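Participant: start31.pdb is reproduced below (PDB, N, CA and C atoms).
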```pdb
ATOM      1  N   MET R 452      23.892  31.258  76.931
ATOM      2  CA  MET R 452      23.983  30.186  75.959
ATOM      3  C   MET R 452      23.043  30.427  74.784
ATOM      4  N   GLU R 453      21.844  30.927  75.100
ATOM      5  CA  GLU R 453      20.855  31.207  74.051
ATOM      6  C   GLU R 453      21.355  32.305  73.113
ATOM      7  N   GLU R 454      22.048  33.292  73.663
ATOM      8  CA  GLU R 454      22.577  34.377  72.840
ATOM      9  C   GLU R 454      23.613  33.855  71.851
ATOM     10  N   ASN R 455      24.413  32.863  72.273
ATOM     11  CA  ASN R 455      25.412  32.287  71.381
ATOM     12  C   ASN R 455      24.765  31.584  70.202
ATOM     13  N   ARG R 456      23.656  30.896  70.457
ATOM     14  CA  ARG R 456      22.946  30.211  69.372
ATOM     15  C   ARG R 456      22.402  31.206  68.363
ATOM     16  N   GLU R 457      21.853  32.314  68.858
ATOM     17  CA  GLU R 457      21.346  33.346  67.957
ATOM     18  C   GLU R 457      22.463  33.942  67.131
ATOM     19  N   LEU R 458      23.578  34.226  67.765
ATOM     20  CA  LEU R 458      24.714  34.808  67.063
ATOM     21  C   LEU R 458      25.260  33.840  66.016
ATOM     22  N   ILE R 459      25.360  32.577  66.360
ATOM     23  CA  ILE R 459      25.833  31.574  65.400
ATOM     24  C   ILE R 459      24.869  31.477  64.224
ATOM     25  N   GLY R 460      23.569  31.504  64.488
ATOM     26  CA  GLY R 460      22.579  31.464  63.414
ATOM     27  C   GLY R 460      22.678  32.668  62.494
ATOM     28  N   ILE R 461      22.882  33.836  63.072
ATOM     29  CA  ILE R 461      23.018  35.058  62.269
ATOM     30  C   ILE R 461      24.272  34.995  61.409
ATOM     31  N   ILE R 462      25.395  34.624  62.016
ATOM     32  CA  ILE R 462      26.658  34.551  61.269
ATOM     33  C   ILE R 462      26.583  33.492  60.177
ATOM     34  N   LEU R 463      26.007  32.347  60.492
ATOM     35  CA  LEU R 463      25.875  31.285  59.496
ATOM     36  C   LEU R 463      24.996  31.727  58.327
ATOM     37  N   SER R 464      23.907  32.413  58.601
ATOM     38  CA  SER R 464      23.040  32.905  57.540
ATOM     39  C   SER R 464      23.764  33.905  56.651
ATOM     40  N   ILE R 465      24.557  34.771  57.240
ATOM     41  CA  ILE R 465      25.306  35.756  56.462
ATOM     42  C   ILE R 465      26.350  35.073  55.598
ATOM     43  N   VAL R 466      27.071  34.112  56.151
ATOM     44  CA  VAL R 466      28.109  33.412  55.391
ATOM     45  C   VAL R 466      27.501  32.639  54.219
ATOM     46  N   VAL R 467      26.413  31.927  54.479
ATOM     47  CA  VAL R 467      25.751  31.176  53.411
ATOM     48  C   VAL R 467      25.200  32.132  52.361
ATOM     49  N   GLY R 468      24.648  33.254  52.792
ATOM     50  CA  GLY R 468      24.141  34.251  51.855
ATOM     51  C   GLY R 468      25.236  34.818  50.979
ATOM     52  N   ILE R 469      26.380  35.137  51.572
ATOM     53  CA  ILE R 469      27.515  35.661  50.801
ATOM     54  C   ILE R 469      28.001  34.620  49.799
ATOM     55  N   PHE R 470      28.126  33.381  50.246
ATOM     56  CA  PHE R 470      28.619  32.317  49.367
ATOM     57  C   PHE R 470      27.665  32.082  48.199
ATOM     58  N   THR R 471      26.381  31.983  48.492
ATOM     59  CA  THR R 471      25.393  31.700  47.452
ATOM     60  C   THR R 471      25.271  32.867  46.482
ATOM     61  N   LEU R 472      25.239  34.076  46.993
ATOM     62  CA  LEU R 472      25.151  35.253  46.138
ATOM     63  C   LEU R 472      26.412  35.409  45.294
ATOM     64  N   SER R 473      27.576  35.163  45.864
ATOM     65  CA  SER R 473      28.830  35.243  45.116
ATOM     66  C   SER R 473      28.880  34.202  44.011
ATOM     67  N   ALA R 474      28.423  33.001  44.298
ATOM     68  CA  ALA R 474      28.411  31.951  43.283
ATOM     69  C   ALA R 474      27.526  32.334  42.116
ATOM     70  N   SER R 475      26.401  32.975  42.398
ATOM     71  CA  SER R 475      25.508  33.365  41.311
ATOM     72  C   SER R 475      26.065  34.540  40.509
ATOM     73  N   ILE R 476      26.711  35.477  41.164
ATOM     74  CA  ILE R 476      27.252  36.644  40.467
ATOM     75  C   ILE R 476      28.464  36.260  39.622
ATOM     76  N   PHE R 477      29.383  35.482  40.193
ATOM     77  CA  PHE R 477      30.632  35.154  39.503
ATOM     78  C   PHE R 477      30.545  33.890  38.663
ATOM     79  N   ASN R 478      29.377  33.223  38.684
ATOM     80  CA  ASN R 478      29.118  32.063  37.824
ATOM     81  C   ASN R 478      30.171  30.974  38.027
ATOM     82  N   TRP R 479      30.403  30.617  39.280
ATOM     83  CA  TRP R 479      31.426  29.631  39.615
ATOM     84  C   TRP R 479      31.044  28.254  39.077
ATOM     85  N   ASN R 480      31.924  27.686  38.283
ATOM     86  CA  ASN R 480      31.657  26.374  37.688
ATOM     87  C   ASN R 480      31.533  25.279  38.744
ATOM     88  N   PHE R 481      32.406  25.277  39.745
ATOM     89  CA  PHE R 481      32.345  24.208  40.748
ATOM     90  C   PHE R 481      31.018  24.215  41.493
ATOM     91  N   PHE R 482      30.420  25.373  41.617
ATOM     92  CA  PHE R 482      29.143  25.475  42.308
ATOM     93  C   PHE R 482      28.006  24.940  41.440
ATOM     94  N   PHE R 483      27.992  25.337  40.185
ATOM     95  CA  PHE R 483      26.889  24.951  39.304
ATOM     96  C   PHE R 483      27.066  23.567  38.694
ATOM     97  N   GLU R 484      28.241  23.009  38.771
ATOM     98  CA  GLU R 484      28.452  21.651  38.268
ATOM     99  C   GLU R 484      28.292  20.596  39.364
ATOM    100  N   SER R 485      27.943  21.038  40.557
ATOM    101  CA  SER R 485      27.747  20.075  41.644
ATOM    102  C   SER R 485      26.458  19.292  41.426
ATOM    103  N   ARG R 486      26.395  18.151  42.038
ATOM    104  CA  ARG R 486      25.229  17.276  41.900
ATOM    105  C   ARG R 486      23.977  17.932  42.452
ATOM    106  N   LYS R 487      24.109  18.681  43.527
ATOM    107  CA  LYS R 487      22.950  19.293  44.171
ATOM    108  C   LYS R 487      22.361  20.428  43.339
ATOM    109  N   ALA R 488      23.166  21.097  42.547
ATOM    110  CA  ALA R 488      22.668  22.192  41.718
ATOM    111  C   ALA R 488      22.082  21.689  40.407
ATOM    112  N   SER R 489      22.296  20.436  40.081
ATOM    113  CA  SER R 489      21.852  19.929  38.778
ATOM    114  C   SER R 489      20.333  19.978  38.613
ATOM    115  N   LEU R 490      19.594  19.813  39.686
ATOM    116  CA  LEU R 490      18.135  19.887  39.602
ATOM    117  C   LEU R 490      17.687  21.267  39.121
ATOM    118  N   PHE R 491      18.263  22.309  39.699
ATOM    119  CA  PHE R 491      17.874  23.664  39.314
ATOM    120  C   PHE R 491      18.394  24.016  37.926
ATOM    121  N   LEU R 492      19.530  23.457  37.544
ATOM    122  CA  LEU R 492      20.024  23.675  36.186
ATOM    123  C   LEU R 492      19.084  23.049  35.162
ATOM    124  N   LYS R 493      18.563  21.873  35.470
ATOM    125  CA  LYS R 493      17.617  21.220  34.562
ATOM    126  C   LYS R 493      16.304  21.991  34.491
ATOM    127  N   MET R 494      15.855  22.510  35.625
ATOM    128  CA  MET R 494      14.569  23.209  35.661
ATOM    129  C   MET R 494      14.640  24.595  35.031
ATOM    130  N   PHE R 495      15.697  25.356  35.323
ATOM    131  CA  PHE R 495      15.751  26.761  34.935
ATOM    132  C   PHE R 495      16.818  27.094  33.898
ATOM    133  N   GLY R 496      17.737  26.193  33.625
ATOM    134  CA  GLY R 496      18.891  26.539  32.793
ATOM    135  C   GLY R 496      19.937  27.241  33.642
ATOM    136  N   ARG R 497      21.082  27.528  33.038
ATOM    137  CA  ARG R 497      22.190  28.116  33.808
ATOM    138  C   ARG R 497      21.854  29.515  34.327
ATOM    139  N   ASN R 498      21.349  30.377  33.470
ATOM    140  CA  ASN R 498      21.044  31.740  33.915
ATOM    141  C   ASN R 498      19.886  31.764  34.898
ATOM    142  N   GLY R 499      18.898  30.923  34.697
ATOM    143  CA  GLY R 499      17.794  30.849  35.641
ATOM    144  C   GLY R 499      18.244  30.350  36.999
ATOM    145  N   ALA R 500      19.157  29.380  37.004
ATOM    146  CA  ALA R 500      19.695  28.875  38.266
ATOM    147  C   ALA R 500      20.516  29.958  38.964
ATOM    148  N   ARG R 501      21.223  30.766  38.191
ATOM    149  CA  ARG R 501      21.983  31.864  38.788
ATOM    150  C   ARG R 501      21.050  32.867  39.451
ATOM    151  N   ILE R 502      19.945  33.162  38.801
ATOM    152  CA  ILE R 502      18.961  34.081  39.390
ATOM    153  C   ILE R 502      18.357  33.469  40.648
ATOM    154  N   PHE R 503      18.015  32.180  40.571
ATOM    155  CA  PHE R 503      17.448  31.493  41.730
ATOM    156  C   PHE R 503      18.405  31.539  42.916
ATOM    157  N   TYR R 504      19.675  31.203  42.689
ATOM    158  CA  TYR R 504      20.633  31.196  43.787
ATOM    159  C   TYR R 504      20.947  32.607  44.281
ATOM    160  N   GLY R 505      20.887  33.580  43.399
ATOM    161  CA  GLY R 505      21.055  34.961  43.838
ATOM    162  C   GLY R 505      19.936  35.386  44.770
ATOM    163  N   LEU R 506      18.705  35.033  44.397
ATOM    164  CA  LEU R 506      17.567  35.337  45.266
ATOM    165  C   LEU R 506      17.639  34.559  46.577
ATOM    166  N   LEU R 507      18.114  33.323  46.501
ATOM    167  CA  LEU R 507      18.276  32.528  47.716
ATOM    168  C   LEU R 507      19.297  33.167  48.659
ATOM    169  N   GLY R 508      20.367  33.699  48.101
ATOM    170  CA  GLY R 508      21.355  34.403  48.915
ATOM    171  C   GLY R 508      20.751  35.615  49.610
ATOM    172  N   LEU R 509      19.897  36.347  48.890
ATOM    173  CA  LEU R 509      19.227  37.497  49.494
ATOM    174  C   LEU R 509      18.261  37.061  50.592
ATOM    175  N   VAL R 510      17.631  35.908  50.426
ATOM    176  CA  VAL R 510      16.751  35.373  51.467
ATOM    177  C   VAL R 510      17.545  35.084  52.737
ATOM    178  N   PHE R 511      18.754  34.540  52.582
ATOM    179  CA  PHE R 511      19.583  34.281  53.763
ATOM    180  C   PHE R 511      19.984  35.578  54.454
ATOM    181  N   PHE R 512      20.269  36.643  53.675
ATOM    182  CA  PHE R 512      20.561  37.933  54.290
ATOM    183  C   PHE R 512      19.346  38.462  55.043
ATOM    184  N   PHE R 513      18.170  38.321  54.450
ATOM    185  CA  PHE R 513      16.946  38.776  55.104
ATOM    186  C   PHE R 513      16.697  37.979  56.379
ATOM    187  N   LEU R 514      16.946  36.685  56.329
ATOM    188  CA  LEU R 514      16.792  35.843  57.513
ATOM    189  C   LEU R 514      17.724  36.299  58.641
ATOM    190  N   ALA R 515      18.967  36.611  58.294
ATOM    191  CA  ALA R 515      19.919  37.100  59.299
ATOM    192  C   ALA R 515      19.443  38.437  59.873
ATOM    193  N   TYR R 516      18.911  39.293  59.021
ATOM    194  CA  TYR R 516      18.398  40.586  59.477
ATOM    195  C   TYR R 516      17.243  40.402  60.452
ATOM    196  N   LYS R 517      16.320  39.514  60.107
ATOM    197  CA  LYS R 517      15.165  39.275  60.979
ATOM    198  C   LYS R 517      15.600  38.665  62.309
ATOM    199  N   MET R 518      16.565  37.757  62.274
ATOM    200  CA  MET R 518      17.057  37.176  63.527
ATOM    201  C   MET R 518      17.732  38.230  64.379
ATOM    202  N   TYR R 519      18.438  39.162  63.736
ATOM    203  CA  TYR R 519      19.144  40.201  64.467
ATOM    204  C   TYR R 519      18.168  41.190  65.104
ATOM    205  N   THR R 520      17.136  41.580  64.358
ATOM    206  CA  THR R 520      16.235  42.625  64.858
ATOM    207  C   THR R 520      15.167  42.090  65.798
ATOM    208  N   GLU R 521      14.702  40.857  65.587
ATOM    209  CA  GLU R 521      13.595  40.352  66.384
ATOM    210  C   GLU R 521      13.996  39.233  67.348
ATOM    211  N   GLY R 522      15.207  38.787  67.244
ATOM    212  CA  GLY R 522      15.590  37.637  68.049
ATOM    213  C   GLY R 522      15.217  36.368  67.338
ATOM    214  N   TYR R 523      15.827  35.294  67.686
ATOM    215  CA  TYR R 523      15.628  34.019  66.981
ATOM    216  C   TYR R 523      14.369  33.367  67.361
TER     217      TYR R 523
END
```
Would you encode the structure as structure tokens?

Facilitator:
Amino acid sequence: MEENRELIGIILSIVVGIFTLSASIFNWNFFFESRKASLFLKMFGRNGARIFYGLLGLVFFFLAYKMYTEGY
């Protein structure tokens, strides 16, 4: 059962990382026009928010890597 939780965490981190990184690369309007992204748009502007979300996507990939190599 514990192994399933680790696997789900790894897969979820990868999926979220892909989604967030893709949104930043392709500049998806629906992603950046959402209410939750508006805070970062106000703080950093559109390009700054894209960089922030791109880095966040890489953090999720790193998190999945660490969970895979060291266990959850």

Participant: Selection in question (the file shown): the PyMOL selection byres ((chain R and resi 461) around 7). Which residues does it include, as a ChimeraX atom specification?

Facilitator: /R:456-460,462-466,514-516,518-519

Participant: In Å, how far is it from CA of Phe483 (chain R) to atom N of Arg497 (chain R)?

Facilitator: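 Distance reported for this atom pair: 8.9 Å.
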
Participant: Could you go through region 457-490 of chain R and tell me which residues DSSP, when run on the backbone, assigns to alpha helix (DSSP H), listing them as a count of residues only?

Facilitator: 27

Participant: Just to confirm, what's the straight-line distance from CA of Arg501 (chain R) to atom C of Thr520 (chain R) in Å (one decimal)?

Facilitator: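 One can read the CA of Arg501 (chain R) to atom C of Thr520 (chain R) distance as 29.7 Å.
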
Participant: From the set R:Asn455, R:Leu490, R:Gly496, R:Leu506, which residue has the shortest atom-to-atom contact distance to Ser475 (chain R), counting all atoms listed in the file?

Facilitator: R:Leu506

Participant: Supply region 472-483 of chain R as a PDB file, in the coordinates of the input, with all heavy atoms built in where the input has gaps.

Facilitator:
```pdb
ATOM      1  N   LEU R 472      25.239  34.076  46.993  1.00  0.00           N
ATOM      2  CA  LEU R 472      25.151  35.253  46.138  1.00  0.00           C
ATOM      3  C   LEU R 472      26.412  35.409  45.294  1.00  0.00           C
ATOM      4  O   LEU R 472      26.329  35.724  44.101  1.00  0.00           O
ATOM      5  CB  LEU R 472      24.904  36.495  46.992  1.00  0.00           C
ATOM      6  CG  LEU R 472      24.504  37.768  46.279  1.00  0.00           C
ATOM      7  CD1 LEU R 472      23.204  37.569  45.503  1.00  0.00           C
ATOM      8  CD2 LEU R 472      24.327  38.896  47.280  1.00  0.00           C
ATOM      9  N   SER R 473      27.576  35.163  45.864  1.00  0.00           N
ATOM     10  CA  SER R 473      28.830  35.243  45.116  1.00  0.00           C
ATOM     11  C   SER R 473      28.880  34.202  44.011  1.00  0.00           C
ATOM     12  O   SER R 473      29.338  34.495  42.898  1.00  0.00           O
ATOM     13  CB  SER R 473      30.028  35.056  46.044  1.00  0.00           C
ATOM     14  OG  SER R 473      30.084  36.091  46.981  1.00  0.00           O
ATOM     15  N   ALA R 474      28.423  33.001  44.298  1.00  0.00           N
ATOM     16  CA  ALA R 474      28.411  31.951  43.283  1.00  0.00           C
ATOM     17  C   ALA R 474      27.526  32.334  42.116  1.00  0.00           C
ATOM     18  O   ALA R 474      27.868  32.074  40.950  1.00  0.00           O
ATOM     19  CB  ALA R 474      27.935  30.628  43.887  1.00  0.00           C
ATOM     20  N   SER R 475      26.401  32.975  42.398  1.00  0.00           N
ATOM     21  CA  SER R 475      25.508  33.365  41.311  1.00  0.00           C
ATOM     22  C   SER R 475      26.065  34.540  40.509  1.00  0.00           C
ATOM     23  O   SER R 475      25.928  34.580  39.290  1.00  0.00           O
ATOM     24  CB  SER R 475      24.122  33.699  41.850  1.00  0.00           C
ATOM     25  OG  SER R 475      24.152  34.878  42.616  1.00  0.00           O
ATOM     26  N   ILE R 476      26.711  35.477  41.164  1.00  0.00           N
ATOM     27  CA  ILE R 476      27.252  36.644  40.467  1.00  0.00           C
ATOM     28  C   ILE R 476      28.464  36.260  39.622  1.00  0.00           C
ATOM     29  O   ILE R 476      28.575  36.654  38.456  1.00  0.00           O
ATOM     30  CB  ILE R 476      27.631  37.747  41.471  1.00  0.00           C
ATOM     31  CG1 ILE R 476      26.360  38.335  42.093  1.00  0.00           C
ATOM     32  CG2 ILE R 476      28.454  38.843  40.807  1.00  0.00           C
ATOM     33  CD1 ILE R 476      26.609  39.275  43.253  1.00  0.00           C
ATOM     34  N   PHE R 477      29.383  35.482  40.193  1.00  0.00           N
ATOM     35  CA  PHE R 477      30.632  35.154  39.503  1.00  0.00           C
ATOM     36  C   PHE R 477      30.545  33.890  38.663  1.00  0.00           C
ATOM     37  O   PHE R 477      31.520  33.507  38.025  1.00  0.00           O
ATOM     38  CB  PHE R 477      31.776  35.042  40.519  1.00  0.00           C
ATOM     39  CG  PHE R 477      32.052  36.349  41.215  1.00  0.00           C
ATOM     40  CD1 PHE R 477      31.838  36.467  42.570  1.00  0.00           C
ATOM     41  CD2 PHE R 477      32.491  37.452  40.509  1.00  0.00           C
ATOM     42  CE1 PHE R 477      32.073  37.669  43.221  1.00  0.00           C
ATOM     43  CE2 PHE R 477      32.733  38.655  41.139  1.00  0.00           C
ATOM     44  CZ  PHE R 477      32.522  38.768  42.500  1.00  0.00           C
ATOM     45  N   ASN R 478      29.377  33.223  38.684  1.00  0.00           N
ATOM     46  CA  ASN R 478      29.118  32.063  37.824  1.00  0.00           C
ATOM     47  C   ASN R 478      30.171  30.974  38.027  1.00  0.00           C
ATOM     48  O   ASN R 478      30.754  30.462  37.080  1.00  0.00           O
ATOM     49  CB  ASN R 478      29.064  32.510  36.358  1.00  0.00           C
ATOM     50  CG  ASN R 478      28.382  31.510  35.467  1.00  0.00           C
ATOM     51  OD1 ASN R 478      27.697  30.602  35.934  1.00  0.00           O
ATOM     52  ND2 ASN R 478      28.570  31.660  34.176  1.00  0.00           N
ATOM     53  N   TRP R 479      30.403  30.617  39.280  1.00  0.00           N
ATOM     54  CA  TRP R 479      31.426  29.631  39.615  1.00  0.00           C
ATOM     55  C   TRP R 479      31.044  28.254  39.077  1.00  0.00           C
ATOM     56  O   TRP R 479      29.984  27.720  39.402  1.00  0.00           O
ATOM     57  CB  TRP R 479      31.612  29.545  41.122  1.00  0.00           C
ATOM     58  CG  TRP R 479      32.245  30.755  41.728  1.00  0.00           C
ATOM     59  CD1 TRP R 479      33.036  31.668  41.116  1.00  0.00           C
ATOM     60  CD2 TRP R 479      32.150  31.174  43.093  1.00  0.00           C
ATOM     61  NE1 TRP R 479      33.433  32.625  41.999  1.00  0.00           N
ATOM     62  CE2 TRP R 479      32.913  32.339  43.216  1.00  0.00           C
ATOM     63  CE3 TRP R 479      31.500  30.661  44.202  1.00  0.00           C
ATOM     64  CZ2 TRP R 479      33.040  33.015  44.415  1.00  0.00           C
ATOM     65  CZ3 TRP R 479      31.623  31.337  45.403  1.00  0.00           C
ATOM     66  CH2 TRP R 479      32.394  32.496  45.507  1.00  0.00           C
ATOM     67  N   ASN R 480      31.924  27.686  38.283  1.00  0.00           N
ATOM     68  CA  ASN R 480      31.657  26.374  37.688  1.00  0.00           C
ATOM     69  C   ASN R 480      31.533  25.279  38.744  1.00  0.00           C
ATOM     70  O   ASN R 480      30.657  24.420  38.634  1.00  0.00           O
ATOM     71  CB  ASN R 480      32.749  25.992  36.688  1.00  0.00           C
ATOM     72  CG  ASN R 480      32.565  26.699  35.371  1.00  0.00           C
ATOM     73  OD1 ASN R 480      31.449  26.980  34.957  1.00  0.00           O
ATOM     74  ND2 ASN R 480      33.670  26.992  34.715  1.00  0.00           N
ATOM     75  N   PHE R 481      32.406  25.277  39.745  1.00  0.00           N
ATOM     76  CA  PHE R 481      32.345  24.208  40.748  1.00  0.00           C
ATOM     77  C   PHE R 481      31.018  24.215  41.493  1.00  0.00           C
ATOM     78  O   PHE R 481      30.530  23.175  41.911  1.00  0.00           O
ATOM     79  CB  PHE R 481      33.520  24.310  41.746  1.00  0.00           C
ATOM     80  CG  PHE R 481      33.361  25.376  42.792  1.00  0.00           C
ATOM     81  CD1 PHE R 481      32.750  25.083  43.998  1.00  0.00           C
ATOM     82  CD2 PHE R 481      33.833  26.653  42.585  1.00  0.00           C
ATOM     83  CE1 PHE R 481      32.606  26.050  44.981  1.00  0.00           C
ATOM     84  CE2 PHE R 481      33.694  27.630  43.556  1.00  0.00           C
ATOM     85  CZ  PHE R 481      33.078  27.327  44.751  1.00  0.00           C
ATOM     86  N   PHE R 482      30.420  25.373  41.617  1.00  0.00           N
ATOM     87  CA  PHE R 482      29.143  25.475  42.308  1.00  0.00           C
ATOM     88  C   PHE R 482      28.006  24.940  41.440  1.00  0.00           C
ATOM     89  O   PHE R 482      27.173  24.159  41.894  1.00  0.00           O
ATOM     90  CB  PHE R 482      28.881  26.940  42.678  1.00  0.00           C
ATOM     91  CG  PHE R 482      27.659  27.161  43.517  1.00  0.00           C
ATOM     92  CD1 PHE R 482      27.717  27.018  44.891  1.00  0.00           C
ATOM     93  CD2 PHE R 482      26.452  27.511  42.942  1.00  0.00           C
ATOM     94  CE1 PHE R 482      26.591  27.223  45.675  1.00  0.00           C
ATOM     95  CE2 PHE R 482      25.327  27.716  43.715  1.00  0.00           C
ATOM     96  CZ  PHE R 482      25.402  27.575  45.089  1.00  0.00           C
ATOM     97  N   PHE R 483      27.992  25.337  40.185  1.00  0.00           N
ATOM     98  CA  PHE R 483      26.889  24.951  39.304  1.00  0.00           C
ATOM     99  C   PHE R 483      27.066  23.567  38.694  1.00  0.00           C
ATOM    100  O   PHE R 483      26.120  23.013  38.154  1.00  0.00           O
ATOM    101  CB  PHE R 483      26.695  25.999  38.214  1.00  0.00           C
ATOM    102  CG  PHE R 483      26.106  27.271  38.754  1.00  0.00           C
ATOM    103  CD1 PHE R 483      26.900  28.382  38.967  1.00  0.00           C
ATOM    104  CD2 PHE R 483      24.774  27.345  39.084  1.00  0.00           C
ATOM    105  CE1 PHE R 483      26.369  29.542  39.478  1.00  0.00           C
ATOM    106  CE2 PHE R 483      24.230  28.499  39.604  1.00  0.00           C
ATOM    107  CZ  PHE R 483      25.028  29.607  39.800  1.00  0.00           C
TER     108      PHE R 483
END
```
